[in-house]
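Undergrad: Take a look at input.txt, compact mmCIF, C-alpha atoms:
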# COMPACT_ATOMS: atom_id res chain seq x y z
CA MET M 582 4.71 29.04 -3.53
CA GLU M 583 1.69 26.81 -2.98
CA SER M 584 3.51 23.91 -4.61
CA TYR M 585 6.58 24.55 -2.44
CA PHE M 586 4.60 24.52 0.82
CA LEU M 587 2.64 21.47 -0.27
CA ASP M 588 5.92 19.67 -0.89
CA TRP M 589 7.07 20.50 2.64
CA ALA M 590 3.76 19.31 4.08
CA ASN M 591 4.06 16.12 2.02
CA LEU M 592 7.61 15.50 3.26
CA LEU M 593 6.89 16.07 6.95
CA LEU M 594 3.62 14.14 6.94
CA ARG M 595 5.23 11.25 5.06
CA TRP M 596 8.07 11.19 7.59
CA LEU M 597 5.63 11.16 10.52
CA HIS M 598 3.46 8.56 8.82
CA VAL M 599 6.38 6.17 8.26
CA ILE M 600 7.68 6.58 11.83
CA THR M 601 4.32 5.87 13.46
CA ALA M 602 3.56 3.05 11.01
CA ILE M 603 6.82 1.36 11.99
CA ALA M 604 5.82 1.64 15.65
CA TRP M 605 2.31 0.26 15.00
CA ILE M 606 3.35 -2.58 12.72
CA GLY M 607 6.29 -3.43 14.96
CA SER M 608 4.13 -3.79 18.06
CA SER M 609 1.52 -5.75 16.08
CA PHE M 610 4.11 -8.17 14.70
CA TYR M 611 5.68 -8.57 18.15
CA PHE M 612 2.41 -9.54 19.83
CA VAL M 613 1.53 -11.97 17.05
CA PHE M 614 4.95 -13.56 17.59
CA LEU M 615 4.41 -13.52 21.36
CA ASP M 616 1.02 -15.26 21.18
CA SER M 617 2.43 -17.90 18.84
CA SER M 618 5.52 -18.53 20.97
CA LEU M 619 4.05 -18.81 24.48
CA THR M 620 4.50 -22.10 26.31
CA PRO M 621 2.47 -23.38 29.29
CA PRO M 622 3.89 -22.09 32.59
CA VAL M 623 6.07 -24.42 34.64
CA ASP M 624 5.56 -22.72 37.99
CA GLU M 625 2.45 -24.00 39.81
CA LYS M 626 1.73 -20.63 41.41
CA MET M 627 1.61 -19.01 37.96
CA LYS M 628 -0.90 -21.64 36.89
CA ARG M 629 -3.08 -20.92 39.91
CA ASP M 630 -2.93 -17.19 39.15
CA GLY M 631 -4.39 -17.82 35.70
CA VAL M 632 -1.25 -17.59 33.56
CA SER M 633 -1.90 -19.36 30.26
CA GLY M 634 1.54 -18.93 28.71
CA GLU M 635 5.03 -17.56 29.23
CA LEU M 636 8.10 -16.77 27.17
CA TRP M 637 11.76 -16.33 28.03
CA ALA M 638 13.71 -14.09 25.67
CA VAL M 639 17.06 -12.32 25.55
CA HIS M 640 17.56 -8.95 23.89
CA GLY M 641 19.82 -5.94 24.29
CA GLY M 642 21.94 -7.47 27.03
CA GLY M 643 19.02 -8.49 29.27
CA PHE M 644 16.54 -11.31 29.82
CA TYR M 645 12.79 -10.81 29.53
CA HIS M 646 9.98 -12.96 30.90
CA PRO M 647 6.56 -11.91 29.54
CA VAL M 648 3.52 -13.90 30.71
CA LYS M 649 -0.06 -13.95 29.47
CA PHE M 650 -3.11 -14.31 31.72
CA ASN M 651 -5.94 -16.34 30.25
CA VAL M 652 -8.67 -13.80 31.01
CA SER M 653 -7.39 -11.31 33.58
CA PRO M 654 -4.62 -10.97 36.20
CA PRO M 655 -5.53 -11.64 39.84
CA LYS M 656 -4.77 -7.99 40.65
CA MET M 657 -4.82 -4.87 38.55
CA PRO M 658 -1.28 -3.44 38.15
CA ASP M 659 -0.52 0.17 39.05
CA HIS M 660 0.96 0.89 35.62
CA LEU M 661 -0.68 -0.54 32.51
CA HIS M 662 0.64 0.25 29.03
CA TRP M 663 -1.90 0.68 26.25
CA PHE M 664 -1.13 0.22 22.55
CA TYR M 665 -3.29 2.65 20.60
CA TRP M 666 -1.46 5.91 19.94
CA GLU M 667 0.60 4.18 17.23
CA SER M 668 -2.54 3.20 15.33
CA TYR M 669 -4.34 6.52 15.67
CA THR M 670 -1.30 8.63 14.77
CA THR M 671 -0.55 6.43 11.76
CA TRP M 672 -4.09 6.85 10.44
CA LEU M 673 -4.32 10.58 11.14
CA SER M 674 -0.96 11.30 9.49
CA GLY M 675 -1.86 9.01 6.58
CA PHE M 676 -5.19 10.73 6.02
CA ALA M 677 -3.52 14.13 6.18
CA LEU M 678 -0.96 12.90 3.62
CA LEU M 679 -3.77 11.61 1.39
CA THR M 680 -5.43 15.02 1.61
CA VAL M 681 -2.28 16.95 0.74
CA SER M 682 -1.11 14.58 -1.99
CA TYR M 683 -4.40 13.60 -3.68
CA LEU M 684 -7.57 15.25 -2.39
CA TRP M 685 -6.08 18.75 -2.56
CA ASN M 686 -5.48 18.34 -6.30
CA ALA M 687 -8.22 15.84 -7.06
CA GLY M 688 -8.61 17.14 -10.61
CA ILE M 689 -5.03 16.07 -11.34
CA TYR M 690 -4.62 12.90 -9.29
CA LEU M 691 -8.11 11.41 -8.91
CA VAL M 692 -9.57 12.24 -12.32
CA SER M 693 -8.05 10.97 -15.55
CA PRO M 694 -8.12 13.74 -18.22
CA SER M 695 -8.01 11.10 -20.94
CA ASN M 696 -11.18 9.47 -19.59
CA PRO M 697 -12.95 11.78 -17.14
CA ILE M 698 -15.97 10.02 -15.67
CA MET M 699 -16.58 12.44 -12.80
CA SER M 700 -15.73 15.90 -11.52
CA SER M 701 -13.09 16.69 -8.90
CA SER M 702 -15.65 17.02 -6.11
CA MET M 703 -17.29 13.73 -7.08
CA ALA M 704 -13.87 12.06 -7.09
CA ILE M 705 -13.21 13.27 -3.53
CA VAL M 706 -16.57 11.95 -2.36
CA ALA M 707 -15.94 8.62 -4.10
CA ALA M 708 -12.47 8.30 -2.56
CA LEU M 709 -13.76 8.96 0.95
CA GLY M 710 -16.67 6.63 0.26
CA PHE M 711 -14.25 3.77 -0.37
CA LEU M 712 -12.79 4.21 3.10
CA VAL M 713 -16.16 4.37 4.87
CA VAL M 714 -18.22 1.85 2.89
CA PHE M 715 -15.55 -0.86 3.02
CA TRP M 716 -15.30 -0.52 6.80
CA LEU M 717 -19.09 -0.76 7.22
CA LEU M 718 -19.33 -3.86 5.03
CA TYR M 719 -16.28 -5.49 6.61
CA ASP M 720 -17.56 -4.75 10.13
CA GLY M 721 -20.97 -6.13 9.19
CA ILE M 722 -19.37 -9.37 7.98
CA CYS M 723 -17.46 -9.74 11.25
CA ARG M 724 -20.56 -9.02 13.34
CA THR M 725 -22.67 -11.49 11.35
CA PHE M 726 -20.31 -14.44 11.03
CA GLY M 727 -17.40 -13.78 13.37
CA GLN M 728 -18.86 -15.42 16.47
CA LYS M 729 -20.28 -18.50 14.76
CA GLU M 730 -18.68 -21.92 14.64
CA ASN M 731 -16.14 -21.98 11.78
CA GLY M 732 -16.88 -18.27 11.54
CA ASP M 733 -13.27 -17.26 10.93
CA GLY M 734 -13.19 -19.15 7.63
CA ILE M 735 -16.47 -17.59 6.48
CA VAL M 736 -15.26 -14.11 7.45
CA GLY M 737 -11.98 -14.65 5.60
CA ALA M 738 -13.74 -15.78 2.41
CA CYS M 739 -16.23 -12.89 2.51
CA VAL M 740 -13.51 -10.30 3.14
CA LEU M 741 -11.46 -11.72 0.24
CA VAL M 742 -14.44 -11.32 -2.10
CA LEU M 743 -15.07 -7.82 -0.75
CA VAL M 744 -11.44 -6.78 -1.35
CA CYS M 745 -11.58 -8.16 -4.92
CA ILE M 746 -14.75 -6.19 -5.68
CA ALA M 747 -13.25 -3.03 -4.18
CA ALA M 748 -10.05 -3.44 -6.24
CA PHE M 749 -12.04 -3.88 -9.45
CA LEU M 750 -14.18 -0.81 -8.77
CA ALA M 751 -11.26 1.39 -7.66
CA CYS M 752 -9.23 0.61 -10.77
CA HIS M 753 -12.19 1.41 -13.04
CA ILE M 754 -13.14 4.64 -11.26
CA PHE M 755 -9.75 6.22 -10.50
CA PRO M 756 -6.40 6.44 -12.31
CA GLY M 757 -4.28 3.39 -11.54
CA GLN M 758 -1.86 5.06 -9.14
CA ALA M 759 -4.66 6.62 -7.10
CA ALA M 760 -6.63 3.35 -7.15
CA PHE M 761 -3.73 1.38 -5.66
CA LEU M 762 -3.13 4.00 -2.98
CA LEU M 763 -6.83 4.21 -2.08
CA MET M 764 -6.99 0.43 -1.67
CA GLY M 765 -4.14 0.66 0.82
CA ALA M 766 -5.83 3.56 2.61
CA MET M 767 -9.11 1.61 2.66
CA LEU M 768 -7.57 -1.41 4.39
CA ALA M 769 -5.51 0.79 6.73
CA THR M 770 -8.67 2.67 7.73
CA SER M 771 -10.34 -0.62 8.68
CA MET M 772 -7.27 -1.64 10.64
CA SER M 773 -7.32 1.55 12.68
CA ALA M 774 -11.11 1.35 13.05
CA ASN M 775 -10.68 -2.16 14.48
CA VAL M 776 -8.42 -0.68 17.14
CA PHE M 777 -10.71 2.28 17.82
CA PHE M 778 -14.11 0.53 17.84
CA TRP M 779 -13.28 -2.99 19.04
CA ILE M 780 -9.83 -3.67 20.44
CA ILE M 781 -9.39 -0.72 22.82
CA PRO M 782 -13.08 -0.55 23.95
CA GLY M 783 -13.00 -4.28 24.72
CA GLN M 784 -9.85 -3.89 26.76
CA ARG M 785 -11.33 -0.92 28.63
CA LYS M 786 -14.37 -2.99 29.59
CA VAL M 787 -12.09 -5.71 30.96
CA VAL M 788 -10.10 -3.17 32.99
CA ALA M 789 -13.29 -1.52 34.28
CA ALA M 790 -14.66 -4.91 35.41
CA LEU M 791 -11.40 -5.72 37.20
CA LYS M 792 -11.37 -2.40 39.03
CA ALA M 793 -15.00 -2.85 40.05
CA GLY M 794 -14.38 -6.42 41.23
CA ASP M 795 -16.89 -7.82 38.73
CA PRO M 796 -16.45 -11.03 36.70
CA VAL M 797 -14.66 -10.48 33.40
CA ASP M 798 -16.52 -11.50 30.24
CA PRO M 799 -13.98 -13.36 28.02
CA LEU M 800 -15.97 -12.38 24.92
CA HIS M 801 -14.31 -8.96 24.89
CA GLY M 802 -10.88 -10.52 24.65
CA LYS M 803 -11.98 -12.93 21.90
CA ARG M 804 -13.43 -10.15 19.78
CA ALA M 805 -10.34 -7.98 20.22
CA LYS M 806 -8.09 -10.90 19.30
CA GLN M 807 -10.13 -11.63 16.17
CA ARG M 808 -9.82 -8.07 14.89
CA SER M 809 -6.12 -7.99 15.81
CA VAL M 810 -5.55 -11.13 13.71
CA HIS M 811 -7.34 -9.51 10.77
CA ASN M 812 -5.06 -6.50 11.10
CA THR M 813 -1.93 -8.61 10.84
CA TYR M 814 -3.11 -10.12 7.53
CA PHE M 815 -3.99 -6.68 6.15
CA THR M 816 -0.51 -5.33 6.92
CA LEU M 817 1.56 -6.60 3.97
CA PRO M 818 -1.17 -5.84 1.37
CA VAL M 819 -1.37 -2.29 2.77
CA LEU M 820 2.39 -1.83 2.62
CA PHE M 821 2.45 -3.04 -0.99
CA ALA M 822 -0.32 -0.63 -2.01
CA MET M 823 1.49 2.28 -0.36
CA LEU M 824 4.79 1.47 -2.08
CA SER M 825 3.31 0.71 -5.50
CA ASN M 826 3.12 4.34 -6.65
CA HIS M 827 6.82 4.14 -7.53
CA TYR M 828 6.27 1.39 -10.12
CA GLY M 829 4.19 2.46 -13.07
CA TRP M 830 4.16 -0.90 -14.85
CA LEU M 831 1.99 -2.24 -12.00
CA TYR M 832 -0.84 0.28 -11.86
CA SER M 833 -0.81 1.24 -15.56
CA HIS M 834 -1.51 -2.30 -16.81
CA GLU M 835 -4.87 -2.76 -18.52
CA LEU M 836 -5.73 -5.42 -15.90
CA ASN M 837 -4.30 -3.43 -12.99
CA TRP M 838 -7.12 -4.54 -10.70
CA LEU M 839 -6.04 -8.15 -11.15
CA VAL M 840 -2.39 -7.20 -10.57
CA LEU M 841 -3.42 -5.52 -7.32
CA ILE M 842 -5.45 -8.51 -6.13
CA LEU M 843 -2.66 -10.98 -6.89
CA MET M 844 0.00 -8.89 -5.16
CA MET M 845 -2.17 -8.41 -2.07
CA PHE M 846 -2.95 -12.13 -2.00
CA ALA M 847 0.76 -12.91 -2.17
CA GLY M 848 1.41 -10.54 0.73
CA ALA M 849 -1.29 -12.16 2.89
CA ALA M 850 0.04 -15.65 2.08
CA ILE M 851 3.58 -14.67 3.05
CA ARG M 852 2.29 -13.11 6.27
CA GLN M 853 0.52 -16.39 7.07
CA PHE M 854 3.87 -18.16 6.73
CA PHE M 855 5.42 -15.94 9.38
CA VAL M 856 2.41 -16.27 11.69
CA MET M 857 2.46 -20.08 11.54
CA ARG M 858 6.23 -20.33 11.67
CA HIS M 859 6.44 -19.61 15.40
CA GLY M 860 3.81 -22.22 16.29
CA PHE M 861 5.48 -24.79 14.04
CA LYS M 862 8.68 -24.53 16.06
CA LEU M 863 6.68 -25.58 19.12
CA GLY M 864 4.92 -28.42 17.29
CA ARG M 865 1.51 -26.73 17.28
CA ASN M 866 0.80 -26.80 13.56
CA SER M 867 2.02 -28.22 10.26
CA HIS M 868 4.93 -26.72 8.37
CA PRO M 869 4.03 -23.26 7.06
CA TRP M 870 6.23 -23.44 3.94
CA PRO M 871 3.29 -24.00 1.51
CA TYR M 872 2.04 -20.48 2.29
CA ALA M 873 5.43 -18.96 1.58
CA ALA M 874 5.69 -21.05 -1.60
CA VAL M 875 2.27 -19.89 -2.81
CA GLY M 876 3.14 -16.25 -2.12
CA VAL M 877 6.49 -16.45 -3.91
CA VAL M 878 5.01 -18.32 -6.91
CA VAL M 879 2.32 -15.66 -7.29
CA LEU M 880 4.94 -12.90 -7.15
CA LEU M 881 7.09 -14.61 -9.77
CA ALA M 882 4.06 -15.26 -11.98
CA VAL M 883 3.06 -11.59 -11.87
CA ALA M 884 6.64 -10.51 -12.64
CA ALA M 885 6.74 -12.85 -15.66
CA TRP M 886 3.31 -11.69 -16.82
CA LEU M 887 4.19 -7.98 -16.70
CA LYS M 888 7.65 -8.18 -18.24
CA PRO M 889 8.10 -5.63 -21.08
CA ALA M 890 8.69 -6.72 -24.64
CA PRO M 891 12.37 -6.75 -25.72
CA ALA M 892 13.49 -3.44 -27.16
CA ALA M 893 17.24 -3.88 -27.67
CA ALA M 894 17.23 -2.36 -31.15
CA VAL M 895 15.22 0.64 -29.99
CA ALA M 896 17.58 1.48 -27.13
CA ALA M 897 20.47 2.05 -29.55
CA ALA M 898 18.53 4.34 -31.85
CA PRO M 899 19.29 7.73 -30.22
CA ALA M 900 23.05 7.08 -30.11
CA ALA M 901 23.10 6.22 -33.80
CA ALA M 902 21.07 9.27 -34.74
CA THR M 903 22.75 12.03 -32.77
CA ALA M 904 23.44 14.11 -35.86
CA PRO M 905 21.31 12.84 -38.77
CA ALA M 906 21.69 14.16 -42.27
CA ALA M 907 19.11 16.56 -43.62
CA GLY M 908 17.24 13.92 -45.60
CA ALA M 909 17.34 11.47 -42.72
CA ALA M 910 16.05 14.13 -40.36
CA THR M 911 13.08 14.76 -42.63
CA GLY M 912 12.30 11.04 -42.70
CA ALA M 913 12.65 10.80 -38.93
CA ALA M 914 10.30 13.70 -38.41
CA ALA M 915 7.72 11.99 -40.58
CA ALA M 916 8.06 8.75 -38.63
CA GLY M 917 8.09 10.38 -35.20
CA GLY M 918 8.16 14.17 -35.26
CA PHE M 919 9.17 16.39 -32.37
CA ALA M 920 6.27 18.86 -32.57
CA PRO M 921 3.57 16.66 -30.95
CA VAL M 922 6.03 15.41 -28.34
CA GLN M 923 7.13 18.94 -27.51
CA ALA M 924 3.51 20.01 -27.06
CA LEU M 925 2.86 17.12 -24.68
CA ILE M 926 6.04 17.88 -22.72
CA GLN M 927 4.99 21.52 -22.35
CA GLN M 928 1.54 20.48 -21.14
CA HIS M 929 2.43 17.65 -18.76
CA CYS M 930 6.15 17.75 -17.90
CA VAL M 931 7.59 21.26 -17.73
CA MET M 932 5.62 22.15 -14.59
CA CYS M 933 7.88 19.77 -12.65
CA HIS M 934 10.89 19.68 -14.99
CA GLY M 935 11.37 23.34 -15.77
CA ALA M 936 13.56 26.17 -14.48
CA ALA M 937 11.42 26.75 -11.38
CA ILE M 938 11.47 23.21 -9.93
CA ALA M 939 13.62 20.82 -12.03
CA GLN M 940 12.69 17.64 -10.16
CA LYS M 941 15.68 15.26 -9.87
CA ASN M 942 17.76 17.89 -11.73
CA VAL M 943 15.93 17.07 -14.97
CA ARG M 944 14.83 20.01 -17.13
CA LEU M 945 12.74 19.57 -20.25
CA ASP M 946 12.06 23.19 -21.15
CA SER M 947 14.40 23.30 -24.16
CA PRO M 948 14.95 21.00 -27.16
CA GLU M 949 18.54 20.41 -26.08
CA GLN M 950 17.46 19.25 -22.62
CA VAL M 951 14.79 17.00 -24.13
CA LYS M 952 17.40 15.42 -26.41
CA ALA M 953 19.78 14.87 -23.50
CA HIS M 954 17.09 13.04 -21.53
CA ALA M 955 15.49 11.12 -24.42
CA GLN M 956 16.36 7.73 -22.96
CA GLN M 957 14.84 8.64 -19.56
CA ILE M 958 11.74 10.06 -21.22
CA TYR M 959 11.23 6.86 -23.19
CA GLN M 960 11.74 4.71 -20.12
CA GLN M 961 9.43 6.69 -17.83
CA VAL M 962 6.69 7.51 -20.35
CA VAL M 963 6.62 4.51 -22.70
CA GLN M 964 8.14 1.51 -20.91
CA LEU M 965 7.20 2.14 -17.26
CA LYS M 966 4.21 4.41 -17.96
CA LYS M 967 5.03 6.22 -14.73
CA MET M 968 4.79 9.77 -15.95
CA PRO M 969 3.13 12.22 -15.53
CA PHE M 970 3.84 11.57 -11.86
CA GLY M 971 0.74 11.18 -9.75
CA ASN M 972 -1.59 10.62 -12.68
CA PRO M 973 -0.13 8.59 -15.55
CA GLY M 974 -3.66 8.34 -16.96
CA ALA M 975 -3.31 11.94 -18.13
CA LEU M 976 -1.57 10.54 -21.22
CA SER M 977 -3.57 8.33 -23.54
CA ASP M 978 -2.09 5.29 -25.26
CA GLU M 979 -1.97 7.25 -28.51
CA GLN M 980 -0.04 10.07 -26.85
CA ARG M 981 2.44 7.58 -25.40
CA GLY M 982 2.70 6.23 -28.92
CA GLU M 983 3.88 9.69 -30.06
CA PHE M 984 6.77 9.44 -27.60
CA LYS M 985 7.54 5.90 -28.77
CA ARG M 986 7.62 6.84 -32.46
CA TRP M 987 9.71 9.91 -31.71
CA PHE M 988 12.28 7.89 -29.73
CA GLU M 989 12.47 5.12 -32.32
CA ALA M 990 13.04 7.74 -35.00
CA GLY M 991 16.19 8.87 -33.20
CA ALA M 992 14.64 11.45 -30.83
CA PRO M 993 14.87 14.39 -33.28
CA VAL M 994 14.44 17.88 -31.82
CA THR M 995 14.43 19.83 -35.08
CA PRO M 996 11.22 20.92 -36.84
As structure tokens, please, write out the structure in this file.

TA:
Amino acid sequence: MESYFLDWANLLLRWLHVITAIAWIGSSFYFVFLDSSLTPPVDEKMKRDGVSGELWAVHGGGFYHPVKFNVSPPKMPDHLHWFYWESYTTWLSGFALLTVSYLWNAGIYLVSPSNPIMSSSMAIVAALGFLVVFWLLYDGICRTFGQKENGDGIVGACVLVLVCIAAFLACHIFPGQAAFLLMGAMLATSMSANVFFWIIPGQRKVVAALKAGDPVDPLHGKRAKQRSVHNTYFTLPVLFAMLSNHYGWLYSHELNWLVLILMMFAGAAIRQFFVMRHGFKLGRNSHPWPYAAVGVVVLLAVAAWLKPAPAAAVAAAPAAATAPAAGAATGAAAAGGFAPVQALIQQHCVMCHGAAIAQKNVRLDSPEQVKAHAQQIYQQVVQLKKMPFGNPGALSDEQRGEFKRWFEAGAPVTP
């Protein structure tokens, strides 16, 4: 029953997390577009009131005319909309999902049985440490260099190095799937912390000064804008990390940390293309296509690098060996016997693919069922290295080799 209730919690939290993430990312993308698309106001009164840019847009059968004040409006409006619940709800639901999916069963998902380097409790502390330590180091970089001349470039370079170090450490401490997810959670935590510690507090100080009739310090707006820009570049790398757990050939590679870095870099480059694209249309910057080209080339290079070796002859083996002769069966057993594979299936697979649960209507609790799903087993365990789900590191390379030899021998299920 615990597994059943955990599945429900996982489903509902994942649903909530996706909904609020769409709202947060959508508003973030919209305001990046808005800032890049504003044009100087035409109306002289708007200029005198401190309007620095305006935009005319049409959507949903109506026309919209948003304007941006350089520092503050001449009068505080009665109704002011704040953008923060999307960020906080996304992080809270994401952390709850991380707890239910990984921290709750840290011994399964955060510790690799084939290479245990720490206990379950140590793994939980290490995972939480990634979220906190990265934020502290990232925030320290922004505080130290962010306000200096050419500071944005220095901050960007330092954060890139920091992300690379974090990816290397995560992939050497945790199983690949958990490492990728924790990297996404780490960046997402910093994004939400930017909103909580810098963006919203800065805006509140501006509002408080306006209500008190005091001069508004533009530094608050500059700091908030800087952190908001960082968030938009983190977005696509975070989304990749969160989606990667469906693709075992990514996180199971021996150089998975490099795969992660390259994919995140490609995401940031593609995001830069979209950021610059709006300004290019107004003649404010050069053509952004090189960033898109770099991102796409990196993606294609990674895809070519990770492509599996051809196995056309292997794929036909089970069909040709459905009913082997007695002598052939003995030879097949010697080349790739069923006994070690059956033991591994009982230990790692039947808990999810048995009579009680039967994930995706696949049962592996009888030799006949194993035979019927031999092709899927080979694909998921040997080619994609995706199973056992949640912690593929539970199977060593030698154990995956048992599945490979068994499949190539015709997937026999007789002793």

Undergrad: Find, counting only C-alpha atoms, the residue in M:Leu800, M:Leu839, M:Val740, M:Met844 that gets nearest to Leu817 of chain M.

TA: M:Met844

Undergrad: Please indicate the distance in Å from atom CA of Ser700 of chain M to atom CA of Ser773 of chain M, rounded to one decimal place.

TA: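 Taking atom CA of Ser700 of chain M and atom CA of Ser773 of chain M, their separation equals 29.4 Å.
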
Undergrad: Residues within 7 Å of (6.3, 15.6, -14.4), file coordinates, counting all atoms listed in the file: what are they? Give the list as a ChimeraX atom specification.

TA: /M:929-934,968-970

Undergrad: Around the point (-6.1, -8.0, -5.3) in the file's coordinates, collect all residues with an atom within 10 Å, using only C-alpha atoms, and return them as a VMD selection string.

TA: chain M and resid 741 to 742 744 to 749 761 764 818 822 837 to 848

Undergrad: Of the residues M:Gln923, M:Leu945, M:His834, M:Pro869, which is the one nearest to Trp886 of chain M, using all atoms listed in the file?

TA: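 The answer is M:His834, which sits nearest to Trp886 of chain M.
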
Undergrad: Neighbouring residues of Phe715 of chain M were defined as those with any atom within 9 Å, considering only C-alpha atoms; residues of the same chain fewer than 4 positions away were excluded. Please report them as a count of residues only.

TA: 10

Undergrad: Please output segment 694-717 of chain M, rebuilt to include N, CA and C atoms, as a PDB file, in the coordinates of the input.

TA:
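Written file, rebuild_10.pdb:
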ATOM      1  N   PRO M 694      -7.686  12.848 -17.127  1.00  0.00           N
ATOM      2  CA  PRO M 694      -8.120  13.740 -18.220  1.00  0.00           C
ATOM      3  C   PRO M 694      -8.424  12.985 -19.504  1.00  0.00           C
ATOM      4  N   SER M 695      -7.764  11.847 -19.716  1.00  0.00           N
ATOM      5  CA  SER M 695      -8.010  11.100 -20.940  1.00  0.00           C
ATOM      6  C   SER M 695      -9.338  10.359 -20.917  1.00  0.00           C
ATOM      7  N   ASN M 696      -9.891  10.167 -19.716  1.00  0.00           N
ATOM      8  CA  ASN M 696     -11.180   9.470 -19.590  1.00  0.00           C
ATOM      9  C   ASN M 696     -11.908   9.963 -18.358  1.00  0.00           C
ATOM     10  N   PRO M 697     -12.296  11.243 -18.330  1.00  0.00           N
ATOM     11  CA  PRO M 697     -12.950  11.780 -17.140  1.00  0.00           C
ATOM     12  C   PRO M 697     -14.372  11.242 -16.993  1.00  0.00           C
ATOM     13  N   ILE M 698     -14.632  10.545 -15.898  1.00  0.00           N
ATOM     14  CA  ILE M 698     -15.970  10.020 -15.670  1.00  0.00           C
ATOM     15  C   ILE M 698     -16.676  10.734 -14.522  1.00  0.00           C
ATOM     16  N   MET M 699     -15.973  11.688 -13.891  1.00  0.00           N
ATOM     17  CA  MET M 699     -16.580  12.440 -12.800  1.00  0.00           C
ATOM     18  C   MET M 699     -15.781  13.715 -12.560  1.00  0.00           C
ATOM     19  N   SER M 700     -16.395  14.646 -11.840  1.00  0.00           N
ATOM     20  CA  SER M 700     -15.730  15.900 -11.520  1.00  0.00           C
ATOM     21  C   SER M 700     -14.787  15.715 -10.340  1.00  0.00           C
ATOM     22  N   SER M 701     -14.028  16.758 -10.026  1.00  0.00           N
ATOM     23  CA  SER M 701     -13.090  16.690  -8.900  1.00  0.00           C
ATOM     24  C   SER M 701     -13.812  16.448  -7.585  1.00  0.00           C
ATOM     25  N   SER M 702     -14.905  17.180  -7.362  1.00  0.00           N
ATOM     26  CA  SER M 702     -15.650  17.020  -6.110  1.00  0.00           C
ATOM     27  C   SER M 702     -16.252  15.626  -5.993  1.00  0.00           C
ATOM     28  N   MET M 703     -16.752  15.099  -7.100  1.00  0.00           N
ATOM     29  CA  MET M 703     -17.290  13.730  -7.080  1.00  0.00           C
ATOM     30  C   MET M 703     -16.189  12.720  -6.797  1.00  0.00           C
ATOM     31  N   ALA M 704     -14.988  12.967  -7.326  1.00  0.00           N
ATOM     32  CA  ALA M 704     -13.870  12.060  -7.090  1.00  0.00           C
ATOM     33  C   ALA M 704     -13.486  12.041  -5.613  1.00  0.00           C
ATOM     34  N   ILE M 705     -13.526  13.208  -4.964  1.00  0.00           N
ATOM     35  CA  ILE M 705     -13.210  13.270  -3.530  1.00  0.00           C
ATOM     36  C   ILE M 705     -14.233  12.486  -2.733  1.00  0.00           C
ATOM     37  N   VAL M 706     -15.506  12.681  -3.057  1.00  0.00           N
ATOM     38  CA  VAL M 706     -16.570  11.950  -2.360  1.00  0.00           C
ATOM     39  C   VAL M 706     -16.421  10.440  -2.574  1.00  0.00           C
ATOM     40  N   ALA M 707     -16.106  10.048  -3.801  1.00  0.00           N
ATOM     41  CA  ALA M 707     -15.940   8.620  -4.100  1.00  0.00           C
ATOM     42  C   ALA M 707     -14.756   8.033  -3.343  1.00  0.00           C
ATOM     43  N   ALA M 708     -13.656   8.790  -3.273  1.00  0.00           N
ATOM     44  CA  ALA M 708     -12.470   8.300  -2.560  1.00  0.00           C
ATOM     45  C   ALA M 708     -12.762   8.110  -1.080  1.00  0.00           C
ATOM     46  N   LEU M 709     -13.406   9.089  -0.463  1.00  0.00           N
ATOM     47  CA  LEU M 709     -13.760   8.960   0.950  1.00  0.00           C
ATOM     48  C   LEU M 709     -14.790   7.850   1.154  1.00  0.00           C
ATOM     49  N   GLY M 710     -15.667   7.691   0.167  1.00  0.00           N
ATOM     50  CA  GLY M 710     -16.670   6.630   0.260  1.00  0.00           C
ATOM     51  C   GLY M 710     -16.039   5.252   0.301  1.00  0.00           C
ATOM     52  N   PHE M 711     -14.939   5.061  -0.425  1.00  0.00           N
ATOM     53  CA  PHE M 711     -14.250   3.770  -0.370  1.00  0.00           C
ATOM     54  C   PHE M 711     -13.801   3.451   1.047  1.00  0.00           C
ATOM     55  N   LEU M 712     -13.271   4.443   1.746  1.00  0.00           N
ATOM     56  CA  LEU M 712     -12.790   4.210   3.100  1.00  0.00           C
ATOM     57  C   LEU M 712     -13.933   3.828   4.038  1.00  0.00           C
ATOM     58  N   VAL M 713     -15.049   4.565   3.930  1.00  0.00           N
ATOM     59  CA  VAL M 713     -16.160   4.370   4.870  1.00  0.00           C
ATOM     60  C   VAL M 713     -16.973   3.124   4.536  1.00  0.00           C
ATOM     61  N   VAL M 714     -17.340   2.958   3.270  1.00  0.00           N
ATOM     62  CA  VAL M 714     -18.220   1.850   2.890  1.00  0.00           C
ATOM     63  C   VAL M 714     -17.534   0.503   3.117  1.00  0.00           C
ATOM     64  N   PHE M 715     -16.247   0.410   2.786  1.00  0.00           N
ATOM     65  CA  PHE M 715     -15.550  -0.860   3.020  1.00  0.00           C
ATOM     66  C   PHE M 715     -15.564  -1.212   4.504  1.00  0.00           C
ATOM     67  N   TRP M 716     -15.293  -0.233   5.356  1.00  0.00           N
ATOM     68  CA  TRP M 716     -15.300  -0.520   6.800  1.00  0.00           C
ATOM     69  C   TRP M 716     -16.674  -1.004   7.253  1.00  0.00           C
ATOM     70  N   LEU M 717     -17.744  -0.361   6.802  1.00  0.00           N
ATOM     71  CA  LEU M 717     -19.090  -0.760   7.220  1.00  0.00           C
ATOM     72  C   LEU M 717     -19.414  -2.175   6.764  1.00  0.00           C
TER      73      LEU M 717
END
